[in-house]
Amino acid sequence: MDFQERIRQKKGKEKIIMLTAYDYQMAKILDQVGVDLILVGDSLGMVVQGYSDTKSVTMSDMIYHTKAVTRGAKKTPIIGDMPINTYNTPNEALVNAKKFIEAGAHGVKIEGNKPEVVKALLDAGIPVQGHVGMLPQMADVYRVRGKKPEEAKQIFRDALELDRLGVFSIVIECVPEGLAKKITEAVKAPTIGIGAGKYCDGQVLVINDMLGMDLSFKPKFVKRYAELNNIIRDAVSKFVKEVSAGVYPDEEHTYH
Ligand code: KIV
């Protein structure tokens, strides 16, 4: 059974777990713990590169990180997030999606409802993950989408269209849980929520957010499963103190 079928079969039975990873070591941990999907998200623009959004991320950035992740994850399907302006036309999408597949990704994610693009990728045998709701590549401000009836209807229609085209799953980002529930019940493809409540078929978070790497960043939907920022600070402070005091390196850490 291919990975798309395994993900599809979980709908309504088992929750789907997706997390982002951008490097070898993190991918190795996720692979060993066991998640259903690893997303090499263009969120790396913020959490790795330090930009305020995802709009500066390029194909070569994404391929660099995808290759690193594929070296760490040996069994988990890896999804490459196509960056802004790399899938404006079906042909452009095809050229760039193939680069992800050559780099070791098993499928690609694209934001929004672009039927011609999705169709071209699926016709070429490239698995596609959809993404509706708040679309970071298009957003001026990051806020909940679909509170207004017209916006909610459009998000619902986009999800239905992506489902009809045959995407293997749909990320729903930052929408009220009632809308995510309605979409989840209406589509065949599993939905994977981020800030979209408990009724989605699965959940995804940006790994740096759930590990508490940046304590100044805490949107409502992010639960911190660790506060690595504090752990790293403590370790670095100890190193600074011990080197300054001549305590490190000691006998145990010295060659003779
Ligand atoms: O870029 C990313 O990490 C994403 C997730 C937030 C779904 O698109």
# chains A, B, ... in the order shown; residues from 1 in each chain; ligands from 1
>>> residues_around(residues="Asp53 in chain A", least_positions_apart="2", cutoff="12 Å", atoms="only C-alpha atoms", output="VMD selection string")
chain A and resid 42 to 51 55 to 57 83 to 84 135 to 142
>>> write_last_selection(atoms="C-alpha atoms", output="compact mmCIF listing (two decimals), in the first residue's frame")
# COMPACT_ATOMS: atom_id res chain seq x y z
CA ASP A 42 8.23 26.95 4.04
CA SER A 43 7.74 28.07 7.67
CA LEU A 44 11.51 27.59 7.62
CA GLY A 45 11.53 31.16 6.29
CA MET A 46 10.59 32.28 9.79
CA VAL A 47 12.00 29.69 12.16
CA VAL A 48 15.27 28.91 10.37
CA GLN A 49 15.99 31.97 8.25
CA GLY A 50 14.57 34.71 10.50
CA TYR A 51 12.21 36.40 8.04
CA LYS A 55 7.49 35.05 1.13
CA SER A 56 11.27 35.11 0.71
CA VAL A 57 11.72 31.34 0.65
CA PRO A 83 7.31 28.05 -1.97
CA ILE A 84 5.60 31.17 -3.27
CA LEU A 135 -2.68 30.87 3.45
CA PRO A 136 0.63 32.37 4.65
CA GLN A 137 2.00 32.92 1.13
CA MET A 138 -0.96 35.19 0.30
CA ALA A 139 -1.73 36.71 3.70
CA ASP A 140 -0.81 40.25 4.70
CA VAL A 141 -1.70 39.49 8.30
CA TYR A 142 -1.87 36.14 10.02
>>> residues_around(residues="Ile172 in chain A", least_positions_apart="5", cutoff="6 Å", atoms="only C-alpha atoms", output="ChimeraX atom specification")
/A:131-133,193
>>> residues_near_ligand(ligand="ligand 1", cutoff="7 Å", atoms="only C-alpha atoms and all ligand atoms", output="ChimeraX atom specification")
/A:20,39-44,81,171,173,194,204-206
>>> write_last_selection(atoms="N, CA, C and O atoms", output="compact mmCIF listing (two decimals), in the first residue's frame")
# COMPACT_ATOMS: atom_id res chain seq x y z
N THR A 20 6.57 19.46 11.20
CA THR A 20 7.57 19.98 10.26
C THR A 20 8.95 19.55 10.73
O THR A 20 9.18 19.30 11.92
N LEU A 39 6.59 17.31 7.19
CA LEU A 39 6.45 18.41 6.22
C LEU A 39 7.70 19.28 6.28
O LEU A 39 8.04 19.81 7.34
N VAL A 40 8.38 19.41 5.15
CA VAL A 40 9.46 20.40 5.07
C VAL A 40 8.74 21.70 4.69
O VAL A 40 8.48 21.98 3.52
N GLY A 41 8.31 22.41 5.73
CA GLY A 41 7.44 23.57 5.52
C GLY A 41 8.23 24.81 5.12
O GLY A 41 9.38 24.98 5.52
N ASP A 42 7.56 25.67 4.35
CA ASP A 42 8.23 26.95 4.04
C ASP A 42 8.20 27.87 5.27
O ASP A 42 8.74 28.98 5.23
N SER A 43 7.61 27.38 6.38
CA SER A 43 7.74 28.07 7.67
C SER A 43 9.21 28.19 8.05
O SER A 43 9.57 28.95 8.94
N LEU A 44 10.08 27.46 7.36
CA LEU A 44 11.51 27.59 7.62
C LEU A 44 11.98 29.02 7.35
O LEU A 44 12.98 29.48 7.89
N ASP A 81 7.04 21.52 0.80
CA ASP A 81 6.10 22.65 0.71
C ASP A 81 6.55 23.55 -0.43
O ASP A 81 7.64 24.14 -0.36
N VAL A 171 -4.55 20.30 4.41
CA VAL A 171 -4.23 21.07 5.62
C VAL A 171 -5.27 22.19 5.74
O VAL A 171 -5.56 22.88 4.76
N GLU A 173 -5.79 25.56 7.89
CA GLU A 173 -5.03 26.43 8.81
C GLU A 173 -5.89 27.58 9.34
O GLU A 173 -6.49 28.34 8.56
N ILE A 194 -4.29 22.89 11.67
CA ILE A 194 -3.33 23.69 12.47
C ILE A 194 -4.12 24.93 12.86
O ILE A 194 -4.51 25.73 12.00
N VAL A 204 -1.16 19.13 12.68
CA VAL A 204 0.22 19.47 12.34
C VAL A 204 0.61 20.71 13.15
O VAL A 204 -0.23 21.58 13.40
N LEU A 205 1.86 20.75 13.58
CA LEU A 205 2.40 21.98 14.17
C LEU A 205 3.80 22.19 13.60
O LEU A 205 4.46 21.23 13.16
N VAL A 206 4.23 23.43 13.65
CA VAL A 206 5.62 23.75 13.32
C VAL A 206 6.46 23.27 14.50
O VAL A 206 6.19 23.62 15.66
>>> select_by_dssp(residues="range 165-246 of chain A", states="strand (DSSP E or B)", output="VMD selection string")
chain A and resid 169 to 173 191 to 194 202 to 205
>>> atom_distance(atom1="CA of Asn113 in chain A", atom2="CA of Leu162 in chain A")
6.5 Å
>>> closest_residue(among="A:Val144, A:Asp31, A:Ala159, A:Leu165", to="Glu185 in chain A", atoms="only C-alpha atoms")
A:Ala159
>>> closest_residue(among="A:Thr254, A:Thr70, A:Asn208, A:Ser216", to="Gly104 in chain A", atoms="only C-alpha atoms")
A:Thr70
>>> residues_around(residues="Arg145 in chain A", least_positions_apart="6", cutoff="9 Å", atoms="only C-alpha atoms", output="list in words")
Gly133, Met134, Glu151, Ala152, Ile155, Glu173, Cys174, Val175 and Pro176 of chain A
>>> write_last_selection(atoms="N, CA, C and O atoms", output="PDB file, in the first residue's frame")
ATOM      1  N   GLY A 133      -7.805  27.769   4.098  1.00  0.00           N
ATOM      2  CA  GLY A 133      -7.964  28.592   5.301  1.00  0.00           C
ATOM      3  C   GLY A 133      -6.983  29.743   5.244  1.00  0.00           C
ATOM      4  O   GLY A 133      -6.905  30.457   4.233  1.00  0.00           O
ATOM      5  N   MET A 134      -6.222  29.925   6.300  1.00  0.00           N
ATOM      6  CA  MET A 134      -5.204  30.982   6.293  1.00  0.00           C
ATOM      7  C   MET A 134      -4.047  30.498   5.418  1.00  0.00           C
ATOM      8  O   MET A 134      -3.490  29.420   5.652  1.00  0.00           O
ATOM      9  N   GLU A 151     -16.424  34.293   3.506  1.00  0.00           N
ATOM     10  CA  GLU A 151     -15.073  33.722   3.553  1.00  0.00           C
ATOM     11  C   GLU A 151     -15.156  32.216   3.868  1.00  0.00           C
ATOM     12  O   GLU A 151     -14.461  31.400   3.256  1.00  0.00           O
ATOM     13  N   ALA A 152     -16.045  31.875   4.795  1.00  0.00           N
ATOM     14  CA  ALA A 152     -16.215  30.461   5.172  1.00  0.00           C
ATOM     15  C   ALA A 152     -16.684  29.652   3.973  1.00  0.00           C
ATOM     16  O   ALA A 152     -16.186  28.549   3.722  1.00  0.00           O
ATOM     17  N   ILE A 155     -13.766  29.047   1.574  1.00  0.00           N
ATOM     18  CA  ILE A 155     -12.829  28.031   2.097  1.00  0.00           C
ATOM     19  C   ILE A 155     -13.437  26.636   1.930  1.00  0.00           C
ATOM     20  O   ILE A 155     -12.758  25.688   1.507  1.00  0.00           O
ATOM     21  N   GLU A 173      -5.791  25.562   7.887  1.00  0.00           N
ATOM     22  CA  GLU A 173      -5.029  26.428   8.811  1.00  0.00           C
ATOM     23  C   GLU A 173      -5.890  27.578   9.345  1.00  0.00           C
ATOM     24  O   GLU A 173      -6.489  28.339   8.560  1.00  0.00           O
ATOM     25  N   CYS A 174      -5.895  27.712  10.658  1.00  0.00           N
ATOM     26  CA  CYS A 174      -6.503  28.854  11.356  1.00  0.00           C
ATOM     27  C   CYS A 174      -7.912  29.186  10.882  1.00  0.00           C
ATOM     28  O   CYS A 174      -8.132  30.251  10.272  1.00  0.00           O
ATOM     29  N   VAL A 175      -8.828  28.278  11.155  1.00  0.00           N
ATOM     30  CA  VAL A 175     -10.249  28.560  10.903  1.00  0.00           C
ATOM     31  C   VAL A 175     -11.020  28.138  12.155  1.00  0.00           C
ATOM     32  O   VAL A 175     -10.530  27.322  12.948  1.00  0.00           O
ATOM     33  N   PRO A 176     -12.239  28.656  12.348  1.00  0.00           N
ATOM     34  CA  PRO A 176     -13.040  28.222  13.505  1.00  0.00           C
ATOM     35  C   PRO A 176     -13.302  26.712  13.422  1.00  0.00           C
ATOM     36  O   PRO A 176     -13.461  26.174  12.320  1.00  0.00           O
TER      37      PRO A 176
END
>>> closest_residue(among="A:Ala189, A:Met59, A:Ile78, A:Leu211", to="Tyr22 in chain A", atoms="only C-alpha atoms")
A:Ile78
>>> closest_residue(among="A:Ala21, A:Ile101, A:Phe3, A:Gly12", to="Val187 in chain A", atoms="only C-alpha atoms")
A:Gly12
>>> closest_residue(among="A:Lys10, A:Val69, A:Ser60, A:Asn96", to="Asp23 in chain A", atoms="only C-alpha atoms")
A:Val69
>>> select_by_dssp(residues="range 7-76 of chain A", states="alpha helix (DSSP H)", output="count of residues only")
31
>>> atom_distance(atom1="CA of Ile126 in chain A", atom2="CA of Leu179 in chain A")
28.4 Å
>>> closest_atom_pairs(of="range 23-112 of chain A", to="range 13-18 of chain A", cutoff="9 Å", atoms="only C-alpha atoms", output="Markdown table")
| residue | atom | partner | partner_atom | distance |
| --- | --- | --- | --- | --- |
| A:Gly34 | CA | A:Ile17 | CA | 8.8 |
| A:Val35 | CA | A:Ile17 | CA | 5.4 |
| A:Asp36 | CA | A:Ile17 | CA | 5.2 |
| A:Leu37 | CA | A:Met18 | CA | 4.7 |
| A:Ile38 | CA | A:Met18 | CA | 5.7 |
| A:Leu39 | CA | A:Met18 | CA | 6.9 |
>>> closest_residue(among="A:Phe156, A:Ser52, A:Leu122, A:Gln4", to="His106 in chain A", atoms="only C-alpha atoms")
A:Gln4
>>> atom_distance(atom1="CA of Phe100 in chain A", atom2="CA of Phe168 in chain A")
17.0 Å
